[in-house]
Structure formats: structure tokens, C-alpha cells
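> Pasting model.txt here (compact mmCIF, C-alpha atoms):
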```
# COMPACT_ATOMS: atom_id res chain seq x y z
CA MET A 1 -39.89 27.20 21.64
CA THR A 2 -37.18 26.16 19.23
CA THR A 3 -34.52 27.15 21.77
CA SER A 4 -34.26 23.77 23.46
CA ASN A 5 -34.26 22.12 20.07
CA ASN A 6 -31.51 24.49 19.10
CA ASP A 7 -29.40 23.69 22.16
CA GLU A 8 -29.85 20.03 21.58
CA GLN A 9 -28.59 20.34 18.03
CA ARG A 10 -25.61 22.45 19.05
CA GLN A 11 -24.78 19.80 21.60
CA MET A 12 -25.08 17.13 18.94
CA LEU A 13 -22.78 19.06 16.63
CA ARG A 14 -20.20 19.36 19.41
CA GLU A 15 -20.39 15.66 20.10
CA PHE A 16 -20.18 14.84 16.40
CA GLU A 17 -17.12 16.97 15.88
CA GLU A 18 -15.39 15.71 18.97
CA HIS A 19 -15.63 12.16 17.67
CA THR A 20 -15.19 12.61 13.94
CA MET A 21 -12.69 15.44 13.51
CA PRO A 22 -9.67 13.47 14.78
CA LEU A 23 -10.35 10.97 12.00
CA MET A 24 -10.21 13.54 9.24
CA PRO A 25 -6.53 13.06 8.27
CA ARG A 26 -7.10 9.34 7.68
CA LEU A 27 -10.27 9.99 5.73
CA LEU A 28 -8.68 12.64 3.57
CA ALA A 29 -5.78 10.30 2.79
CA GLN A 30 -8.28 7.67 1.62
CA ALA A 31 -10.33 10.24 -0.25
CA ARG A 32 -7.23 11.24 -2.17
CA ALA A 33 -6.83 7.63 -3.25
CA LEU A 34 -10.41 7.55 -4.50
CA THR A 35 -10.48 10.78 -6.47
CA ASN A 36 -8.73 12.58 -9.31
CA SER A 37 -7.59 15.72 -7.58
CA GLU A 38 -6.99 17.38 -4.25
CA GLN A 39 -10.10 19.48 -4.75
CA ASP A 40 -12.25 16.39 -5.40
CA ALA A 41 -10.75 14.67 -2.36
CA GLN A 42 -11.61 17.59 -0.08
CA ASP A 43 -15.09 17.84 -1.55
CA LEU A 44 -15.62 14.13 -0.97
CA VAL A 45 -14.56 14.44 2.67
CA GLN A 46 -16.89 17.38 3.13
CA GLU A 47 -19.82 15.52 1.59
CA THR A 48 -19.04 12.52 3.78
CA TYR A 49 -19.05 14.61 6.94
CA LEU A 50 -22.35 16.25 6.03
CA LYS A 51 -23.97 12.89 5.37
CA ALA A 52 -22.49 11.46 8.54
CA PHE A 53 -23.87 14.35 10.56
CA ARG A 54 -27.34 13.84 9.13
CA ALA A 55 -27.11 10.17 10.07
CA TRP A 56 -25.33 10.74 13.38
CA LYS A 57 -28.28 9.61 15.50
CA GLN A 58 -28.07 6.22 13.82
CA PHE A 59 -24.44 5.75 14.76
CA GLU A 60 -23.91 3.68 17.87
CA LEU A 61 -21.15 5.14 19.97
CA GLY A 62 -18.57 2.55 20.85
CA THR A 63 -18.73 0.82 17.47
CA ASN A 64 -16.12 1.45 14.78
CA LEU A 65 -16.57 5.05 13.78
CA LYS A 66 -13.81 5.10 11.20
CA ALA A 67 -15.25 2.10 9.38
CA TRP A 68 -18.66 3.76 9.42
CA LEU A 69 -17.29 6.97 7.93
CA VAL A 70 -15.24 5.13 5.32
CA LYS A 71 -18.35 3.22 4.27
CA ILE A 72 -20.29 6.45 3.83
CA MET A 73 -17.39 7.91 1.89
CA LYS A 74 -17.09 4.94 -0.46
CA ASN A 75 -20.83 4.92 -1.17
CA THR A 76 -20.81 8.64 -1.76
CA ASN A 77 -17.90 8.29 -4.13
CA LEU A 78 -19.59 5.49 -6.08
CA ASN A 79 -22.70 7.62 -6.49
CA ASN A 80 -20.63 10.54 -7.68
CA LEU A 81 -18.81 8.34 -10.18
CA GLU A 82 -22.03 7.03 -11.60
CA LYS A 83 -23.26 10.57 -11.98
CA SER A 84 -20.19 11.87 -13.74
CA ASN A 85 -19.64 8.67 -15.72
CA ARG A 86 -15.97 9.45 -15.86
CA ASP A 87 -15.11 5.91 -16.92
CA LYS A 88 -15.74 6.76 -20.54
CA THR A 89 -12.04 6.94 -21.37
CA ARG A 90 -10.86 4.16 -19.10
CA GLY A 91 -8.62 1.62 -20.70
CA SER A 92 -6.79 3.98 -22.97
CA ILE A 93 -4.19 5.01 -20.42
CA ASP A 94 -2.54 1.59 -20.33
CA GLU A 95 -1.87 1.71 -24.03
CA LEU A 96 0.24 4.84 -23.81
CA GLU A 97 3.89 4.33 -24.59
CA ASP A 98 6.37 5.07 -21.85
CA TRP A 99 7.61 8.22 -23.54
CA GLN A 100 4.08 9.61 -23.42
CA VAL A 101 3.85 9.33 -19.67
CA GLY A 102 7.27 10.84 -19.18
CA GLY A 103 10.51 8.99 -18.69
CA ALA A 104 12.43 9.59 -15.48
CA GLU A 105 15.77 8.39 -16.81
CA SER A 106 16.56 11.44 -18.89
CA LEU A 107 16.02 13.70 -15.91
CA THR A 108 17.70 11.56 -13.32
CA ALA A 109 20.76 11.29 -15.49
CA ARG A 110 21.14 15.00 -14.98
CA ALA A 111 20.63 15.30 -11.26
CA SER A 112 22.48 13.02 -8.91
CA ARG A 113 20.14 10.61 -7.19
CA SER A 114 20.99 11.88 -3.73
CA ALA A 115 20.43 15.50 -4.73
CA GLU A 116 17.09 14.53 -6.21
CA ALA A 117 16.07 12.61 -3.07
CA GLU A 118 17.05 15.52 -0.88
CA ALA A 119 15.14 17.99 -3.05
CA MET A 120 12.09 15.74 -2.89
CA GLU A 121 12.20 15.55 0.89
CA ASN A 122 12.35 19.32 1.10
CA LEU A 123 9.43 19.97 -1.22
CA PRO A 124 6.41 21.40 0.55
CA THR A 125 3.33 19.22 0.87
CA SER A 126 1.37 21.53 -1.38
CA THR A 127 3.83 20.96 -4.22
CA VAL A 128 3.66 17.19 -3.88
CA LEU A 129 -0.14 17.34 -3.92
CA LYS A 130 -0.01 19.59 -6.96
CA ALA A 131 2.24 17.09 -8.75
CA LEU A 132 -0.11 14.23 -7.83
CA ASP A 133 -2.92 16.19 -9.46
CA THR A 134 -1.06 16.14 -12.77
CA LEU A 135 -1.10 12.33 -12.95
CA PRO A 136 -3.67 10.55 -15.09
CA ALA A 137 -6.49 9.40 -12.77
CA GLU A 138 -5.71 5.69 -13.05
CA PHE A 139 -2.08 6.24 -12.09
CA ARG A 140 -2.92 8.51 -9.22
CA GLU A 141 -5.41 6.04 -7.77
CA VAL A 142 -2.99 3.14 -7.86
CA VAL A 143 -0.07 5.13 -6.42
CA LEU A 144 -2.18 6.38 -3.53
CA GLN A 145 -4.00 3.12 -2.83
CA ALA A 146 -0.70 1.22 -2.75
CA ILE A 147 1.58 3.69 -1.05
CA VAL A 148 -0.66 5.80 1.16
CA VAL A 149 -3.49 3.42 2.06
CA GLY A 150 -1.19 0.38 1.87
CA LEU A 151 -3.63 -1.90 0.09
CA PRO A 152 -2.33 -5.17 -1.38
CA TYR A 153 -2.21 -5.33 -5.19
CA ALA A 154 -5.03 -7.88 -5.27
CA GLU A 155 -7.35 -5.49 -3.46
CA ILE A 156 -6.43 -2.56 -5.68
CA ALA A 157 -7.04 -4.73 -8.72
CA ALA A 158 -10.48 -5.63 -7.36
CA ASN A 159 -11.26 -1.96 -6.65
CA MET A 160 -10.34 -0.93 -10.16
CA GLY A 161 -11.64 -3.98 -11.98
CA THR A 162 -8.28 -4.69 -13.58
CA PRO A 163 -5.80 -7.58 -13.48
CA VAL A 164 -2.98 -7.42 -10.94
CA GLY A 165 -0.50 -6.92 -13.78
CA THR A 166 -2.20 -3.67 -14.67
CA VAL A 167 -1.89 -2.50 -11.07
CA MET A 168 1.84 -3.26 -11.17
CA SER A 169 2.35 -1.42 -14.41
CA ARG A 170 0.29 1.59 -13.30
CA LEU A 171 2.26 1.81 -10.07
CA HIS A 172 5.57 1.74 -11.96
CA ARG A 173 4.49 4.25 -14.52
CA GLY A 174 2.61 6.43 -12.06
CA LYS A 175 5.64 6.79 -9.83
CA LYS A 176 7.81 7.46 -12.83
CA ALA A 177 5.53 10.22 -14.08
CA LEU A 178 5.27 11.67 -10.58
CA ARG A 179 9.04 11.66 -10.27
CA VAL A 180 9.35 13.66 -13.48
CA ALA A 181 6.73 16.15 -12.31
CA LEU A 182 8.40 16.55 -8.91
CA ALA A 183 11.85 17.04 -10.43
CA GLU A 184 10.35 19.73 -12.62
CA TYR A 185 8.74 21.54 -9.67
CA ALA A 186 11.89 21.12 -7.59
CA ARG A 187 13.86 22.87 -10.31
CA GLU A 188 11.28 25.63 -10.81
CA GLU A 189 10.95 26.31 -7.10
CA GLY A 190 14.68 26.20 -6.51
CA TYR A 191 14.87 23.04 -4.42
CA LEU A 192 17.05 21.41 -7.04
CA ASN A 193 20.04 23.58 -7.64
CA GLU A 194 21.27 23.98 -11.20
CA ASN A 195 24.80 23.34 -9.92
CA GLU A 196 23.77 19.87 -8.90
CA LEU A 197 22.73 19.07 -12.43
CA GLU A 198 25.17 17.62 -14.85
CA THR A 199 26.29 19.34 -17.98
CA GLU A 200 24.36 17.68 -20.79
CA GLN A 201 21.20 19.64 -20.06
CA GLU A 202 19.84 21.41 -23.10
CA MET B 1 13.91 -19.50 -9.92
CA ALA B 2 15.95 -16.90 -11.72
CA ASP B 3 18.67 -15.31 -9.65
CA PHE B 4 18.26 -11.64 -9.01
CA ASP B 5 20.83 -9.81 -11.04
CA CYS B 6 20.87 -6.00 -11.12
CA GLU B 7 18.30 -5.72 -13.87
CA GLU B 8 15.84 -8.09 -12.18
CA THR B 9 16.42 -6.46 -8.83
CA LYS B 10 15.80 -2.95 -10.10
CA ARG B 11 12.69 -4.12 -11.93
CA HIS B 12 11.14 -5.43 -8.71
CA VAL B 13 11.70 -2.41 -6.51
CA HIS B 14 8.02 -1.50 -6.09
CA GLU B 15 6.94 -5.08 -5.48
CA TYR B 16 9.68 -5.42 -2.87
CA LEU B 17 8.73 -2.22 -1.07
CA GLN B 18 5.04 -3.20 -1.13
CA ALA B 19 5.96 -6.70 0.10
CA GLU B 20 4.26 -8.23 -2.95
CA LEU B 21 6.86 -10.97 -3.47
CA THR B 22 7.30 -14.43 -2.01
CA GLU B 23 9.42 -14.72 1.10
CA GLN B 24 12.13 -16.40 -0.94
CA GLU B 25 12.17 -13.63 -3.52
CA MET B 26 12.30 -11.00 -0.77
CA ASP B 27 15.28 -12.81 0.80
CA GLU B 28 17.13 -13.09 -2.49
CA ILE B 29 16.68 -9.42 -3.24
CA THR B 30 17.74 -8.48 0.28
CA ALA B 31 20.89 -10.51 -0.24
CA HIS B 32 21.58 -8.81 -3.57
CA LEU B 33 21.06 -5.35 -2.06
CA ALA B 34 23.57 -6.08 0.67
CA ASN B 35 26.25 -6.50 -1.97
CA CYS B 36 25.26 -3.95 -4.59
CA ASP B 37 25.56 -0.22 -3.95
CA SER B 38 23.87 0.71 -7.20
CA CYS B 39 20.72 -1.30 -6.54
CA GLU B 40 20.72 -0.31 -2.88
CA GLY B 41 20.80 3.34 -3.96
CA ASP B 42 17.80 2.76 -6.21
CA TYR B 43 15.84 1.12 -3.44
CA ASP B 44 16.75 3.83 -0.95
CA PHE B 45 15.59 6.45 -3.40
CA GLU B 46 12.22 4.79 -3.96
CA GLN B 47 11.75 4.43 -0.25
CA VAL B 48 12.40 8.13 0.34
CA PHE B 49 10.02 8.84 -2.53
CA ASN B 50 7.29 6.69 -0.91
CA LYS B 51 7.75 8.48 2.40
CA VAL B 52 7.41 11.83 0.69
CA ILE B 53 4.13 10.71 -0.92
CA GLN B 54 2.83 9.27 2.37
CA ARG B 55 3.81 12.31 4.36
CA SER B 56 2.16 14.68 1.89
CA CYS B 57 -1.09 12.75 1.78
CA THR B 58 -1.50 12.17 5.50
CA GLU B 59 -0.14 15.39 6.89
CA ALA B 60 -2.60 17.62 8.68
CA PRO B 61 -5.58 18.31 6.45
CA PRO B 62 -6.05 21.99 5.84
CA GLU B 63 -7.62 23.59 8.88
CA GLU B 64 -9.79 25.45 6.48
CA LEU B 65 -11.51 22.17 5.46
CA ALA B 66 -12.60 21.50 9.05
CA HIS B 67 -13.92 25.05 9.28
CA ARG B 68 -15.76 24.76 6.00
CA ILE B 69 -17.46 21.55 7.17
CA HIS B 70 -18.37 23.11 10.50
CA ASP B 71 -19.90 26.12 8.76
CA ARG B 72 -21.88 23.97 6.36
CA ILE B 73 -23.37 21.94 9.20
CA ARG B 74 -24.29 25.10 11.08
CA LEU B 75 -25.97 26.37 7.94
CA ILE B 76 -27.97 23.16 7.61
CA LEU B 77 -29.03 23.44 11.24
CA ASP B 78 -30.02 27.09 10.86
CA GLN B 79 -31.96 26.41 7.68
CA GLY B 80 -33.70 23.57 9.47
CA HIS B 81 -34.84 26.07 12.11
CA GLU B 82 -36.10 28.52 9.57
CA GLU B 83 -38.14 25.80 7.97
CA ALA B 84 -39.38 24.67 11.34
CA GLU B 85 -40.35 28.20 12.29
CA ALA B 86 -41.92 29.07 8.96
```
Kindly present the structure from the file in C-alpha cells form.

Amino acid sequence: MTTSNNDEQRQMLREFEEHTMPLMPRLLAQARALTNSEQDAQDLVQETYLKAFRAWKQFELGTNLKAWLVKIMKNTNLNNLEKSNRDKTRGSIDELEDWQVGGAESLTARASRSAEAEAMENLPTSTVLKALDTLPAEFREVVLQAIVVGLPYAEIAANMGTPVGTVMSRLHRGKKALRVALAEYAREEGYLNENELETEQE
Amino acid sequence: MADFDCEETKRHVHEYLQAELTEQEMDEITAHLANCDSCEGDYDFEQVFNKVIQRSCTEAPPEELAHRIHDRIRLILDQGHEEAEA
């Protein structure tokens, strides 16, 4: 007697996946901008999809599915944030001195800029994601919201509850710290050849 | 408005690439870049860097994530049946 019910649900799952799966790359990109790590981003996408499936009957086909999913994802993320109360330390990051977030100059003086750019382009995705995970949360969020999602500074500032100047400074410093981390990985993984480095390296 | 010398130009690289400047500022920087190899190199580098970040964050999500989600939904459905049958 549950067989027809079963079939119906399988059919619903097929329909759900057919519509929502193609949107996953865009959602994951946004999830990365909302979370502290690759793992958190993937977990957020998973939670979003599960919630969306439970609510699938309420979704009207033909209306904006991506907007609907993004809304679920943002609400889910807000709930998670409230639960983990991770804002406890917020505010301290902007007071760090530049040397504490890593200066790119000392490294870039050693590798030629074109060698560094080439090494960066050759780095595998997984390495870039790993480097992004090393950034302080506030830097990571701004870098991804600006560069990946393409939000204007004003919107990022509103999202984070900070002045636009803070967004600017976090973007500068976030990219700088990421550049240092990437140069380090590129060297470790052999994408940046020691021969391309100049001599003053300790 | 202050002219864009090398220091000013280099300082505004992110704002330029994010189009967060006035049209006039954008034009002045563009003009400076046309005549300055050093600044142009900086801007080119940051642009490559942005592309690397974009590419990494939008490239195919791990197939395993789609599978994991599929399996979780199936599990929810199956559990639903058990409860219904119980």
C-alpha cells in the first residue's frame, strides 16, 4: 500500500534533482562566501538542499528557483550563525598590524611577478580552496563576496555590518594574505621553481 | 582631484577591478596604465589572481557532494516509509 506513495516520492526526487542540481555550482560559490571553510560551505549547501526538498511541494515551478534556494540558504546560514555565536571575536581582526596578516612584498620580491602569476594559474583548485581556508573568516568573506559573487562594496558592508572602508581594507589585506599562502603552497608543491626565485632568500 | 601617480594607482587596484570608483577616476587610472608598465603589470597580476579565485570557487562542485545529498534525501524518504509503516 505504500508502493504508490513510494513511486510518487521517487518521482518527486527525480524532478527535484533535475531542477536543482544544475544550480549547485552557483550555490556552492555563494555558500563559500558565507562560511569560514570549504567544509562548512559544502555542509551549508547540503542542508539547503535537504530543506528545499522538504519544501519542494511549496515551490511553484516557473518562478525563480535560484532565488528561492538562495533565500533558504541565507536563512539556514543565519540560524547556524546564531547557534554557534561565532561573532564573539569579531572586530579584533581589523586591529591586526599588516605584518601579522602576512606581507606579500617580501615574497614577491623573490619571485618575479610573471612567474608567480603563472604558478598561481597552474595551482589546482583544491590548493586554492585550501589556501582560502587559512584566511581569517572576515577576510575570506569579503574576498569571496567581492570577487566571486561580485557584490558591490556597499552591499558587502551591509551584509557584514561594517563601514565600506572596512570592506576595502579587508579586501586588500585578505588578498595579500591569500597571495602569501598561495606562494607558499606553490613553492611546496613545486609550481614555483626555486630557480625562478631571486637570491636573497634565507 | 589628485592625479593618479604610481603610488595612488597601485593603491586603487582592487577598487578599479571591482569598478568601485567614479567614471572619471576609472578613466584617469586607465590613462595612467596605458603609459606605465610597472602599474600595468600590477593590475594584470591582480586580475589573474581574481580569475584564479573565481575559477576555483565556481568550478564544478565535487561530484561526491551531489551524491551525498542524493543519499541523504533517499534516507529521509526511506525513514519516512518506516515510520509510516510502523
> Show me which bits of chain A are within 6 Å of chain B, counting all atoms listed in the file, as a list in words.
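That gives the following set of residues: Pro25, Ala29, Gln46, Thr125 and Val148 of chain A.
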> Go through A:Thr35, A:Lys66, A:Val142, A:Leu23 and flag the residue nearest A:Gly161, using all atoms listed in the file for the distances.
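Of the candidates, the smallest distance to A:Gly161 is held by A:Val142.
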> State, in Å with one decimal place, the distance from atom CA of A:Trp56 to atom CA of A:Phe16.
7.2 Å
> Distance atom CA of A:Tyr185-atom CA of A:Arg140, one decimal place?
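The value is 17.5 Å.
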> So how far away is atom CA of A:Ala119 from atom CA of A:Tyr191, in Å?
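Calculated distance between atom CA of A:Tyr191 and atom CA of A:Ala119 is 5.2 Å.
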> So, counting only C-alpha atoms, which residue among A:Glu141, A:Glu17, A:Glu184, A:Glu121 is closest to A:Ala41?
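Among A:Glu141, A:Glu17, A:Glu184, A:Glu121, it is A:Glu141 that comes nearest to A:Ala41.
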> Give me, as a count of residues only, all polymer residues having an atom no more than 10 Å from B:Tyr16, counting all atoms listed in the file and skipping those fewer than 6 positions away in the same chain.
9
> Measuring atom to atom with all atoms listed in the file, identify which of A:Gly150, A:Glu118, A:Val164, A:Leu135 is nearest to A:Lys176.
A:Leu135
